[in-house]
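Source file: protein.pdb. Holds: PDB, C-alpha atoms.
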```pdb
ATOM      1  CA  MET A   1      68.702  39.735  20.191
ATOM      2  CA  LYS A   2      71.982  41.400  19.325
ATOM      3  CA  SER A   3      72.829  38.789  16.674
ATOM      4  CA  LEU A   4      69.448  39.386  15.018
ATOM      5  CA  ARG A   5      70.572  42.925  14.225
ATOM      6  CA  PHE A   6      73.248  41.536  11.967
ATOM      7  CA  ILE A   7      71.411  38.502  10.624
ATOM      8  CA  LEU A   8      68.236  40.362   9.657
ATOM      9  CA  PRO A   9      69.825  42.730   7.107
ATOM     10  CA  LEU A  10      71.780  39.788   5.737
ATOM     11  CA  LEU A  11      68.564  37.790   5.282
ATOM     12  CA  VAL A  12      66.881  40.733   3.565
ATOM     13  CA  PHE A  13      69.919  41.064   1.304
ATOM     14  CA  VAL A  14      69.834  37.364   0.395
ATOM     15  CA  VAL A  15      66.115  37.512  -0.424
ATOM     16  CA  LEU A  16      66.721  40.600  -2.567
ATOM     17  CA  LEU A  17      69.611  38.855  -4.296
ATOM     18  CA  MET A  18      67.376  35.864  -5.070
ATOM     19  CA  PHE A  19      64.740  38.119  -6.631
ATOM     20  CA  LEU A  20      67.349  39.885  -8.752
ATOM     21  CA  TRP A  21      68.901  36.568  -9.779
ATOM     22  CA  VAL A  22      65.566  35.156 -10.936
ATOM     23  CA  GLY A  23      64.759  38.453 -12.659
ATOM     24  CA  LEU A  24      68.022  38.426 -14.572
ATOM     25  CA  SER A  25      67.654  34.844 -15.708
ATOM     26  CA  LEU A  26      64.195  35.451 -17.192
ATOM     27  CA  ASN A  27      64.074  36.246 -20.883
ATOM     28  CA  PRO A  28      61.943  39.364 -21.400
ATOM     29  CA  ARG A  29      61.455  38.471 -25.061
ATOM     30  CA  GLU A  30      59.517  35.356 -24.121
ATOM     31  CA  VAL A  31      56.038  36.627 -23.530
ATOM     32  CA  PRO A  32      53.819  33.849 -22.181
ATOM     33  CA  SER A  33      51.128  33.194 -24.750
ATOM     34  CA  PRO A  34      47.533  33.425 -23.559
ATOM     35  CA  LEU A  35      46.680  30.970 -26.343
ATOM     36  CA  VAL A  36      48.188  27.913 -24.664
ATOM     37  CA  GLY A  37      45.261  25.776 -23.538
ATOM     38  CA  LYS A  38      42.873  27.528 -25.921
ATOM     39  CA  PRO A  39      41.533  26.336 -29.295
ATOM     40  CA  ALA A  40      43.871  27.162 -32.144
ATOM     41  CA  PRO A  41      42.506  30.135 -34.136
ATOM     42  CA  ALA A  42      40.714  29.110 -37.306
ATOM     43  CA  PHE A  43      42.312  29.691 -40.672
ATOM     44  CA  GLN A  44      41.902  28.819 -44.299
ATOM     45  CA  LEU A  45      44.934  29.663 -46.376
ATOM     46  CA  ALA A  46      46.330  29.015 -49.826
ATOM     47  CA  ARG A  47      48.934  26.291 -50.019
ATOM     48  CA  LEU A  48      52.479  27.301 -50.816
ATOM     49  CA  ASP A  49      52.956  24.539 -53.391
ATOM     50  CA  ASP A  50      49.621  25.133 -55.110
ATOM     51  CA  PRO A  51      47.812  28.445 -54.435
ATOM     52  CA  ALA A  52      44.650  27.093 -56.023
ATOM     53  CA  LYS A  53      44.238  24.686 -53.090
ATOM     54  CA  THR A  54      43.661  25.732 -49.514
ATOM     55  CA  LEU A  55      44.325  24.220 -46.140
ATOM     56  CA  ALA A  56      42.132  24.888 -43.103
ATOM     57  CA  ASP A  57      42.641  24.129 -39.435
ATOM     58  CA  LYS A  58      39.635  21.801 -39.572
ATOM     59  CA  ASP A  59      41.442  19.569 -42.089
ATOM     60  CA  LEU A  60      43.998  18.772 -39.403
ATOM     61  CA  ARG A  61      41.612  17.730 -36.625
ATOM     62  CA  GLY A  62      42.052  14.290 -35.145
ATOM     63  CA  GLN A  63      45.836  14.296 -35.146
ATOM     64  CA  VAL A  64      48.578  15.921 -33.137
ATOM     65  CA  TRP A  65      50.516  18.370 -35.308
ATOM     66  CA  LEU A  66      53.058  21.130 -35.134
ATOM     67  CA  LEU A  67      52.562  24.542 -36.640
ATOM     68  CA  ASN A  68      55.856  26.209 -37.492
ATOM     69  CA  VAL A  69      55.868  29.856 -38.481
ATOM     70  CA  TRP A  70      58.694  30.552 -40.892
ATOM     71  CA  ALA A  71      59.859  32.893 -43.643
ATOM     72  CA  SER A  72      62.672  32.942 -46.157
ATOM     73  CA  TRP A  73      63.783  36.347 -44.845
ATOM     74  CA  CYS A  74      64.052  35.041 -41.287
ATOM     75  CA  THR A  75      67.633  34.311 -40.286
ATOM     76  CA  SER A  76      66.887  32.363 -37.118
ATOM     77  CA  CYS A  77      64.691  30.033 -39.178
ATOM     78  CA  MET A  78      67.936  28.791 -40.732
ATOM     79  CA  GLU A  79      69.113  27.929 -37.243
ATOM     80  CA  GLU A  80      66.217  25.604 -36.467
ATOM     81  CA  HIS A  81      65.809  24.269 -39.979
ATOM     82  CA  PRO A  82      68.125  21.225 -39.624
ATOM     83  CA  VAL A  83      66.244  20.264 -36.443
ATOM     84  CA  LEU A  84      62.929  20.303 -38.302
ATOM     85  CA  VAL A  85      64.351  18.393 -41.275
ATOM     86  CA  GLU A  86      65.640  15.739 -38.889
ATOM     87  CA  LEU A  87      62.251  15.589 -37.157
ATOM     88  CA  SER A  88      60.420  15.160 -40.449
ATOM     89  CA  LYS A  89      62.664  12.198 -41.314
ATOM     90  CA  GLN A  90      61.640  10.480 -38.084
ATOM     91  CA  GLY A  91      57.978  10.860 -39.053
ATOM     92  CA  VAL A  92      56.815  11.115 -35.435
ATOM     93  CA  VAL A  93      54.589  14.128 -35.909
ATOM     94  CA  PRO A  94      53.626  16.154 -38.997
ATOM     95  CA  VAL A  95      54.899  19.720 -39.174
ATOM     96  CA  TYR A  96      52.760  22.249 -41.022
ATOM     97  CA  GLY A  97      54.422  25.476 -42.051
ATOM     98  CA  LEU A  98      52.926  28.926 -41.898
ATOM     99  CA  ASN A  99      54.903  30.947 -44.401
ATOM    100  CA  TYR A 100      54.657  34.342 -42.738
ATOM    101  CA  LYS A 101      54.741  37.588 -44.748
ATOM    102  CA  ASP A 102      56.902  36.117 -47.456
ATOM    103  CA  GLU A 103      57.014  36.027 -51.214
ATOM    104  CA  ARG A 104      55.890  32.785 -52.753
ATOM    105  CA  SER A 105      58.835  32.454 -55.129
ATOM    106  CA  ALA A 106      61.400  33.285 -52.427
ATOM    107  CA  ALA A 107      59.785  30.833 -50.021
ATOM    108  CA  ARG A 108      59.738  27.980 -52.538
ATOM    109  CA  GLU A 109      63.312  28.626 -53.512
ATOM    110  CA  TRP A 110      64.302  28.607 -49.837
ATOM    111  CA  LEU A 111      62.656  25.195 -49.339
ATOM    112  CA  ALA A 112      64.251  23.814 -52.509
ATOM    113  CA  ARG A 113      67.666  24.928 -51.308
ATOM    114  CA  ASN A 114      67.456  23.963 -47.634
ATOM    115  CA  GLY A 115      65.120  20.980 -47.704
ATOM    116  CA  ASP A 116      61.399  20.870 -47.008
ATOM    117  CA  PRO A 117      60.473  19.432 -43.601
ATOM    118  CA  TYR A 118      56.822  20.407 -43.915
ATOM    119  CA  ALA A 119      53.888  18.111 -44.609
ATOM    120  CA  LEU A 120      52.473  21.268 -46.203
ATOM    121  CA  SER A 121      53.093  24.957 -46.013
ATOM    122  CA  MET A 122      50.462  27.646 -46.347
ATOM    123  CA  THR A 123      50.986  31.276 -47.170
ATOM    124  CA  ASP A 124      50.062  34.057 -44.797
ATOM    125  CA  ALA A 125      51.098  36.932 -47.042
ATOM    126  CA  ASP A 126      49.573  39.778 -45.037
ATOM    127  CA  GLY A 127      50.346  38.232 -41.650
ATOM    128  CA  LYS A 128      46.727  38.210 -40.443
ATOM    129  CA  VAL A 129      46.707  34.583 -39.361
ATOM    130  CA  GLY A 130      50.056  35.235 -37.696
ATOM    131  CA  ILE A 131      48.444  37.976 -35.629
ATOM    132  CA  ASP A 132      45.593  35.608 -34.698
ATOM    133  CA  TYR A 133      48.211  33.200 -33.387
ATOM    134  CA  GLY A 134      49.987  35.967 -31.475
ATOM    135  CA  VAL A 135      53.126  35.716 -33.593
ATOM    136  CA  TYR A 136      55.580  38.518 -32.907
ATOM    137  CA  GLY A 137      58.912  37.011 -33.803
ATOM    138  CA  VAL A 138      59.534  34.377 -36.432
ATOM    139  CA  PRO A 139      60.197  31.480 -35.937
ATOM    140  CA  GLU A 140      57.512  30.288 -33.569
ATOM    141  CA  THR A 141      56.242  26.750 -33.145
ATOM    142  CA  TYR A 142      52.955  25.488 -31.718
ATOM    143  CA  VAL A 143      51.961  22.003 -30.592
ATOM    144  CA  ILE A 144      48.290  21.435 -31.388
ATOM    145  CA  ASP A 145      46.384  18.401 -30.112
ATOM    146  CA  LYS A 146      43.758  16.164 -31.707
ATOM    147  CA  ALA A 147      40.911  18.440 -30.637
ATOM    148  CA  GLY A 148      42.647  21.479 -32.105
ATOM    149  CA  VAL A 149      43.802  22.957 -28.797
ATOM    150  CA  ILE A 150      47.199  24.678 -28.549
ATOM    151  CA  ARG A 151      49.264  22.842 -25.934
ATOM    152  CA  PHE A 152      52.678  24.468 -26.214
ATOM    153  CA  LYS A 153      54.315  27.408 -27.870
ATOM    154  CA  GLN A 154      57.989  27.803 -28.605
ATOM    155  CA  ILE A 155      59.121  31.364 -29.271
ATOM    156  CA  GLY A 156      62.302  31.471 -31.289
ATOM    157  CA  PRO A 157      64.177  28.582 -32.886
ATOM    158  CA  VAL A 158      63.407  25.005 -31.896
ATOM    159  CA  THR A 159      66.624  23.584 -30.498
ATOM    160  CA  PRO A 160      67.362  19.848 -30.194
ATOM    161  CA  LYS A 161      67.053  20.324 -26.419
ATOM    162  CA  VAL A 162      63.596  21.916 -26.602
ATOM    163  CA  LEU A 163      62.508  19.236 -29.039
ATOM    164  CA  SER A 164      63.650  16.269 -26.958
ATOM    165  CA  GLU A 165      62.755  17.687 -23.543
ATOM    166  CA  HIS A 166      59.487  19.490 -24.200
ATOM    167  CA  ILE A 167      57.957  18.989 -27.609
ATOM    168  CA  LEU A 168      58.439  15.263 -28.251
ATOM    169  CA  PRO A 169      57.363  14.057 -24.780
ATOM    170  CA  LEU A 170      54.279  16.254 -25.030
ATOM    171  CA  VAL A 171      53.503  14.989 -28.537
ATOM    172  CA  ARG A 172      53.739  11.365 -27.384
ATOM    173  CA  ARG A 173      51.494  12.057 -24.425
ATOM    174  CA  LEU A 174      48.931  13.793 -26.628
ATOM    175  CA  GLN A 175      49.058  11.060 -29.246
ATOM    176  CA  ALA A 176      48.449   8.395 -26.606
ATOM    177  CA  SER A 177      45.424  10.157 -25.132
TER
ATOM    178  CA  MET B 178      74.199  80.507 -48.387
ATOM    179  CA  ARG B 179      74.323  79.380 -44.833
ATOM    180  CA  TRP B 180      70.739  80.307 -44.088
ATOM    181  CA  VAL B 181      69.561  78.414 -47.165
ATOM    182  CA  CYS B 182      71.144  75.286 -45.758
ATOM    183  CA  ALA B 183      69.575  75.968 -42.375
ATOM    184  CA  LEU B 184      66.173  76.420 -43.969
ATOM    185  CA  ALA B 185      66.575  73.205 -45.935
ATOM    186  CA  LEU B 186      67.494  71.370 -42.747
ATOM    187  CA  CYS B 187      64.439  72.769 -41.014
ATOM    188  CA  LEU B 188      62.181  71.651 -43.818
ATOM    189  CA  LEU B 189      63.698  68.180 -44.051
ATOM    190  CA  PRO B 190      61.740  66.673 -41.147
ATOM    191  CA  THR B 191      58.458  67.976 -42.510
ATOM    192  CA  LEU B 192      59.230  66.409 -45.860
ATOM    193  CA  ALA B 193      60.170  63.116 -44.221
ATOM    194  CA  GLY B 194      57.040  63.224 -42.095
ATOM    195  CA  ALA B 195      54.783  63.922 -45.035
ATOM    196  CA  LYS B 196      54.719  60.319 -46.195
ATOM    197  CA  GLU B 197      53.761  58.858 -42.849
ATOM    198  CA  ALA B 198      51.073  61.430 -42.241
ATOM    199  CA  LEU B 199      49.136  60.253 -45.274
ATOM    200  CA  PRO B 200      46.575  57.988 -43.578
ATOM    201  CA  ALA B 201      45.705  60.802 -41.189
ATOM    202  CA  ALA B 202      44.471  62.889 -44.096
ATOM    203  CA  GLU B 203      41.749  60.345 -44.796
ATOM    204  CA  ASP B 204      40.123  60.538 -41.413
ATOM    205  CA  PRO B 205      41.886  62.714 -38.820
ATOM    206  CA  ALA B 206      39.479  61.856 -36.017
ATOM    207  CA  LEU B 207      39.985  58.131 -36.463
ATOM    208  CA  GLU B 208      43.740  58.542 -36.726
ATOM    209  CA  GLN B 209      43.766  60.576 -33.527
ATOM    210  CA  ARG B 210      41.770  57.909 -31.737
ATOM    211  CA  LEU B 211      44.115  55.233 -33.079
ATOM    212  CA  MET B 212      47.186  57.095 -31.833
ATOM    213  CA  ARG B 213      45.647  57.695 -28.425
ATOM    214  CA  LEU B 214      44.917  53.981 -28.070
ATOM    215  CA  ALA B 215      48.226  52.863 -29.588
ATOM    216  CA  LYS B 216      50.171  54.942 -27.043
ATOM    217  CA  GLU B 217      48.781  52.670 -24.320
ATOM    218  CA  LEU B 218      49.802  49.511 -26.119
ATOM    219  CA  ARG B 219      53.218  47.915 -26.143
ATOM    220  CA  CYS B 220      54.918  46.843 -29.321
ATOM    221  CA  LEU B 221      55.996  43.212 -28.935
ATOM    222  CA  VAL B 222      59.004  43.512 -31.202
ATOM    223  CA  CYS B 223      60.638  46.592 -29.653
ATOM    224  CA  GLN B 224      59.329  46.108 -26.180
ATOM    225  CA  ASN B 225      60.146  49.558 -24.878
ATOM    226  CA  GLU B 226      58.228  51.307 -27.604
ATOM    227  CA  SER B 227      54.519  51.828 -27.816
ATOM    228  CA  LEU B 228      52.528  50.620 -30.770
ATOM    229  CA  ALA B 229      52.153  54.266 -31.767
ATOM    230  CA  ASP B 230      55.902  54.944 -31.913
ATOM    231  CA  SER B 231      57.256  51.682 -33.211
ATOM    232  CA  HIS B 232      58.488  51.292 -36.763
ATOM    233  CA  ALA B 233      58.463  47.500 -36.590
ATOM    234  CA  ASP B 234      56.541  45.701 -39.320
ATOM    235  CA  LEU B 235      54.286  44.008 -36.823
ATOM    236  CA  ALA B 236      53.416  47.335 -35.203
ATOM    237  CA  ALA B 237      52.366  48.726 -38.587
ATOM    238  CA  ASP B 238      50.274  45.606 -39.244
ATOM    239  CA  LEU B 239      48.632  45.864 -35.853
ATOM    240  CA  ARG B 240      47.900  49.562 -36.359
ATOM    241  CA  ASN B 241      46.229  48.664 -39.652
ATOM    242  CA  GLN B 242      44.164  45.978 -37.969
ATOM    243  CA  ILE B 243      43.147  48.379 -35.202
ATOM    244  CA  ARG B 244      42.227  50.967 -37.825
ATOM    245  CA  ASP B 245      40.014  48.400 -39.599
ATOM    246  CA  GLN B 246      38.353  47.450 -36.345
ATOM    247  CA  MET B 247      37.708  51.077 -35.451
ATOM    248  CA  ARG B 248      36.097  51.584 -38.832
ATOM    249  CA  ALA B 249      33.972  48.516 -38.152
ATOM    250  CA  GLY B 250      32.708  50.268 -35.023
ATOM    251  CA  GLN B 251      34.593  48.356 -32.334
ATOM    252  CA  SER B 252      35.118  50.154 -29.029
ATOM    253  CA  ASP B 253      38.589  50.723 -27.547
ATOM    254  CA  GLU B 254      37.849  48.111 -24.898
ATOM    255  CA  GLN B 255      36.867  45.547 -27.520
ATOM    256  CA  ILE B 256      40.069  46.221 -29.440
ATOM    257  CA  LYS B 257      42.152  45.895 -26.288
ATOM    258  CA  SER B 258      40.578  42.562 -25.457
ATOM    259  CA  TRP B 259      41.114  41.439 -29.060
ATOM    260  CA  LEU B 260      44.819  42.160 -28.580
ATOM    261  CA  THR B 261      45.136  40.606 -25.131
ATOM    262  CA  GLN B 262      43.485  37.415 -26.414
ATOM    263  CA  ARG B 263      46.434  37.090 -28.782
ATOM    264  CA  TYR B 264      49.362  38.630 -26.949
ATOM    265  CA  GLY B 265      48.290  38.626 -23.305
ATOM    266  CA  ASP B 266      48.234  41.479 -20.792
ATOM    267  CA  PHE B 267      51.807  42.179 -21.819
ATOM    268  CA  VAL B 268      50.584  44.487 -24.606
ATOM    269  CA  LEU B 269      48.858  46.770 -22.111
ATOM    270  CA  TYR B 270      51.049  49.418 -20.522
ATOM    271  CA  ARG B 271      48.451  49.800 -17.784
ATOM    272  CA  THR B 272      48.397  46.413 -16.117
ATOM    273  CA  PRO B 273      44.835  45.450 -15.151
ATOM    274  CA  VAL B 274      44.125  44.714 -11.483
ATOM    275  CA  LYS B 275      43.612  40.942 -11.284
ATOM    276  CA  SER B 276      44.290  38.186  -8.778
ATOM    277  CA  THR B 277      47.708  37.618 -10.377
ATOM    278  CA  THR B 278      48.680  41.293 -10.315
ATOM    279  CA  VAL B 279      47.497  42.230  -6.804
ATOM    280  CA  VAL B 280      51.030  41.965  -5.406
ATOM    281  CA  LEU B 281      52.340  44.154  -8.207
ATOM    282  CA  TRP B 282      49.719  46.825  -7.626
ATOM    283  CA  PHE B 283      49.571  46.909  -3.847
ATOM    284  CA  GLY B 284      52.819  45.255  -2.753
ATOM    285  CA  PRO B 285      54.820  48.524  -2.723
ATOM    286  CA  PHE B 286      52.214  50.246  -0.540
ATOM    287  CA  VAL B 287      52.155  47.304   1.863
ATOM    288  CA  LEU B 288      55.954  47.457   2.089
ATOM    289  CA  LEU B 289      55.815  51.225   2.656
ATOM    290  CA  LEU B 290      53.256  50.830   5.443
ATOM    291  CA  ALA B 291      55.315  48.044   7.025
ATOM    292  CA  GLY B 292      58.394  50.284   6.900
ATOM    293  CA  LEU B 293      56.527  53.209   8.475
ATOM    294  CA  ALA B 294      55.128  50.969  11.185
ATOM    295  CA  GLY B 295      58.617  49.625  11.919
ATOM    296  CA  LEU B 296      60.051  53.140  12.100
ATOM    297  CA  PHE B 297      57.260  54.310  14.396
ATOM    298  CA  LEU B 298      57.764  51.390  16.781
ATOM    299  CA  TYR B 299      61.507  51.888  16.803
ATOM    300  CA  LEU B 300      61.284  55.621  17.533
ATOM    301  CA  ARG B 301      58.778  55.090  20.317
ATOM    302  CA  ARG B 302      60.925  52.459  21.964
ATOM    303  CA  ARG B 303      63.992  54.672  21.723
ATOM    304  CA  ARG B 304      62.244  57.645  23.281
ATOM    305  CA  THR B 305      61.117  55.690  26.337
ATOM    306  CA  ARG B 306      64.622  54.276  26.694
ATOM    307  CA  VAL B 307      66.257  57.729  26.575
ATOM    308  CA  SER B 308      63.830  59.188  29.115
ATOM    309  CA  GLN B 309      64.396  56.257  31.458
ATOM    310  CA  LEU B 310      68.126  56.846  31.491
ATOM    311  CA  ALA B 311      68.893  58.536  34.808
ATOM    312  CA  LEU B 312      72.370  59.755  35.685
ATOM    313  CA  THR B 313      73.918  58.509  38.890
ATOM    314  CA  PRO B 314      75.843  61.011  41.124
ATOM    315  CA  GLU B 315      79.122  59.370  39.970
ATOM    316  CA  ASP B 316      78.180  60.003  36.331
ATOM    317  CA  ARG B 317      77.524  63.658  37.131
ATOM    318  CA  ALA B 318      80.841  64.079  38.935
ATOM    319  CA  ARG B 319      82.667  62.515  35.977
ATOM    320  CA  ALA B 320      80.923  64.780  33.497
ATOM    321  CA  GLN B 321      81.742  67.783  35.639
ATOM    322  CA  ALA B 322      85.428  66.827  35.764
ATOM    323  CA  LEU B 323      85.547  66.382  31.966
ATOM    324  CA  LEU B 324      83.939  69.759  31.353
ATOM    325  CA  GLN B 325      86.396  71.447  33.713
ATOM    326  CA  ASP B 326      89.263  69.833  31.832
ATOM    327  CA  VAL B 327      87.962  71.307  28.580
ATOM    328  CA  ASP B 328      87.620  74.740  30.185
ATOM    329  CA  ALA B 329      91.171  74.554  31.576
ATOM    330  CA  ASP B 330      92.521  73.609  28.136
ATOM    331  CA  ALA B 331      90.750  76.546  26.542
ATOM    332  CA  ALA B 332      92.099  78.966  29.193
ATOM    333  CA  ALA B 333      95.692  77.666  28.754
ATOM    334  CA  ARG B 334      95.493  78.346  25.050
TER
END
```

Now, as a test, write the supplied structure out as structure tokens.
Amino acid sequence: MKSLRFILPLLVFVVLLMFLWVGLSLNPREVPSPLVGKPAPAFQLARLDDPAKTLADKDLRGQVWLLNVWASWCTSCMEEHPVLVELSKQGVVPVYGLNYKDERSAAREWLARNGDPYALSMTDADGKVGIDYGVYGVPETYVIDKAGVIRFKQIGPVTPKVLSEHILPLVRRLQAS
Amino acid sequence: MRWVCALALCLLPTLAGAKEALPAAEDPALEQRLMRLAKELRCLVCQNESLADSHADLAADLRNQIRDQMRAGQSDEQIKSWLTQRYGDFVLYRTPVKSTTVVLWFGPFVLLLAGLAGLFLYLRRRRTRVSQLALTPEDRARAQALLQDVDADAAAR
């Protein structure tokens, strides 16, 4: 009974410490998206390469694809860019770009300079489609399955680790089903 | 000269504010309703600011969208659910009571009650223990001797 008096506060302290530890290791900027598991919001947007043509979400049904939100003004997009270029060379999964609140000329110049990993990019000049997708910090990347359902969302740059541990295994699983 | 500078400084904020106040001139009632709603919504870019206060681009875009929806006759609740569909409950400063938030809402009160119950039990046990303590004649004699010692010390001084 006497030993309990000393062990009990220690246990409470350890539990408290665990809560604080978990709390500190969470990233408050990563807000879980309510869209994962839901149909990807519909869109029909002008293409970056040719504004006369449009691309709609329906055009991409029947395949697994990635939607990458990017902009020429976005500095962390530079960080993930080599990863996307490398991915596009492998040809495992098509990446479609959502050019978010950008200027067409600046965006095209950016792609010409840094390489274009996108099967196609579309322009979301006023950011409305971005809002539909719950974008709040560029870059963001979505994995969308054959039926047009969002399966995964990466907030912030895609790192080689995220790609090999989360995105690619998921893509393979979705492609097989 | 000095008071001219002071006056200019006083007027400066009103001049700076004039540009942002523009949309309010169009429809003050709508703008008021927007601000009231936006105060309850969190900006996702600067997470400690409300959508009403934030200067982030996204906050301005969202305010515009909310304005459009209000003009289209959407209720505050409809607008809130439109936002939570996209950004989750995180945008709401008032967390809704749901199965996942029950602990958050009522956990502190449960802990408080548990603490009070613990304190009550402890105090009751202590009181019975103190009242059960009876002094033996030896204890009394010892106490008496100690008190006499103290008295003797005081007298000597």

Written as a PDB file with C-alpha atoms, in the coordinates of the input, what is the full residue list that the PyMOL selection byres ((chain A and resi 36) around 10) yields on the file shown?
```pdb
ATOM      1  CA  PRO A  32      53.819  33.849 -22.181  1.00  0.00           C
ATOM      2  CA  SER A  33      51.128  33.194 -24.750  1.00  0.00           C
ATOM      3  CA  PRO A  34      47.533  33.425 -23.559  1.00  0.00           C
ATOM      4  CA  LEU A  35      46.680  30.970 -26.343  1.00  0.00           C
ATOM      5  CA  GLY A  37      45.261  25.776 -23.538  1.00  0.00           C
ATOM      6  CA  LYS A  38      42.873  27.528 -25.921  1.00  0.00           C
ATOM      7  CA  PRO A  39      41.533  26.336 -29.295  1.00  0.00           C
ATOM      8  CA  ALA A  40      43.871  27.162 -32.144  1.00  0.00           C
ATOM      9  CA  TYR A 142      52.955  25.488 -31.718  1.00  0.00           C
ATOM     10  CA  VAL A 143      51.961  22.003 -30.592  1.00  0.00           C
ATOM     11  CA  ILE A 144      48.290  21.435 -31.388  1.00  0.00           C
ATOM     12  CA  VAL A 149      43.802  22.957 -28.797  1.00  0.00           C
ATOM     13  CA  ILE A 150      47.199  24.678 -28.549  1.00  0.00           C
ATOM     14  CA  ARG A 151      49.264  22.842 -25.934  1.00  0.00           C
ATOM     15  CA  PHE A 152      52.678  24.468 -26.214  1.00  0.00           C
ATOM     16  CA  LYS A 153      54.315  27.408 -27.870  1.00  0.00           C
TER      17      LYS A 153
END
```

At a cut-off of 6 Å, list the chain B residues touching chain A, using all atoms listed in the file, as a compact mmCIF listing (two decimals) with C-alpha atoms, in the frame of the given file.
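Listed below is the output, selection_19.txt:
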```txt
# COMPACT_ATOMS: atom_id res chain seq x y z
CA ARG B 263 46.43 37.09 -28.78
CA TYR B 264 49.36 38.63 -26.95
CA GLY B 265 48.29 38.63 -23.30
```

Which residues match the PyMOL selection byres ((chain A and resi 77) around 12) in the file above, as a short mmCIF file (atom, residue, chain, number, x, y, z; two decimals) with C-alpha atoms, in the coordinates of the input?
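Okay, this is what ended up in selection11.cif:
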```
data_model
loop_
_atom_site.label_atom_id
_atom_site.label_comp_id
_atom_site.auth_asym_id
_atom_site.auth_seq_id
_atom_site.Cartn_x
_atom_site.Cartn_y
_atom_site.Cartn_z
CA ASN A 68 55.86 26.21 -37.49
CA VAL A 69 55.87 29.86 -38.48
CA TRP A 70 58.69 30.55 -40.89
CA ALA A 71 59.86 32.89 -43.64
CA SER A 72 62.67 32.94 -46.16
CA TRP A 73 63.78 36.35 -44.84
CA CYS A 74 64.05 35.04 -41.29
CA THR A 75 67.63 34.31 -40.29
CA SER A 76 66.89 32.36 -37.12
CA MET A 78 67.94 28.79 -40.73
CA GLU A 79 69.11 27.93 -37.24
CA GLU A 80 66.22 25.60 -36.47
CA HIS A 81 65.81 24.27 -39.98
CA PRO A 82 68.12 21.22 -39.62
CA VAL A 83 66.24 20.26 -36.44
CA LEU A 84 62.93 20.30 -38.30
CA VAL A 85 64.35 18.39 -41.28
CA GLY A 97 54.42 25.48 -42.05
CA ASN A 99 54.90 30.95 -44.40
CA TYR A 100 54.66 34.34 -42.74
CA ALA A 107 59.78 30.83 -50.02
CA TRP A 110 64.30 28.61 -49.84
CA LEU A 111 62.66 25.20 -49.34
CA ASN A 114 67.46 23.96 -47.63
CA GLY A 137 58.91 37.01 -33.80
CA VAL A 138 59.53 34.38 -36.43
CA PRO A 139 60.20 31.48 -35.94
CA GLU A 140 57.51 30.29 -33.57
CA THR A 141 56.24 26.75 -33.15
CA ILE A 155 59.12 31.36 -29.27
CA GLY A 156 62.30 31.47 -31.29
CA PRO A 157 64.18 28.58 -32.89
CA VAL A 158 63.41 25.00 -31.90
CA THR A 159 66.62 23.58 -30.50
#
```

Q. Please, what distance in Å, to one decimal, runs between CA of Leu260 in chain B and CA of Thr272 in chain B?
A.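 Between these atoms lies a distance of 13.6 Å.
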
Selected by the PyMOL selection byres ((chain A and resi 168) around 12) in the shown coordinates: which residues, as a ChimeraX atom specification? /A:64-66,87,90-94,143,152,158-167,169-175

From CA of Ser105 in chain A to CA of Cys223 in chain B the spacing works out at 29.2 Å

Students should find that CA of Arg219 in chain B and CA of Asp245 in chain B are spaced 18.9 Å

For Gln44 in chain A, list every protein, DNA or RNA residue within 12 Å, evaluated using only C-alpha atoms, and leave out those in the same chain fewer than 6 positions away; present the list as a short mmCIF file (atom, residue, chain, number, x, y, z; two decimals) with C-alpha atoms, in the coordinates of the input.
```cif
data_model
loop_
_atom_site.label_atom_id
_atom_site.label_comp_id
_atom_site.auth_asym_id
_atom_site.auth_seq_id
_atom_site.Cartn_x
_atom_site.Cartn_y
_atom_site.Cartn_z
CA PRO A 51 47.81 28.44 -54.44
CA LYS A 53 44.24 24.69 -53.09
CA THR A 54 43.66 25.73 -49.51
CA LEU A 55 44.32 24.22 -46.14
CA ALA A 56 42.13 24.89 -43.10
CA ASP A 57 42.64 24.13 -39.44
CA LYS A 58 39.64 21.80 -39.57
CA ASP A 59 41.44 19.57 -42.09
CA LEU A 60 44.00 18.77 -39.40
CA LEU A 98 52.93 28.93 -41.90
CA SER A 121 53.09 24.96 -46.01
CA MET A 122 50.46 27.65 -46.35
CA THR A 123 50.99 31.28 -47.17
CA ASP A 124 50.06 34.06 -44.80
CA LYS A 128 46.73 38.21 -40.44
CA VAL A 129 46.71 34.58 -39.36
#
```

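Comparing A:Arg47, A:Arg113, A:Arg5, A:Arg61 by their smallest distance to Asp145 in chain A, the closest is A:Arg61 (using only C-alpha atoms).
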
query = Pick from B:Glu315, B:Glu203, B:Glu208, B:Glu217: nearest to Lys257 in chain B, with only C-alpha atoms counted?
reply =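 Result for the nearest residue to Lys257 in chain B: B:Glu217.
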
B:Arg334, B:Arg306, B:Arg210, B:Lys216: which is nearest Val268 in chain B, counting all atoms listed in the file?
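Nearest to Val268 in chain B: B:Lys216.
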
Of B:Met247, B:Ala322, B:Ala229, B:Leu293, the one nearest to Asp204 in chain B when counting only C-alpha atoms is B:Met247
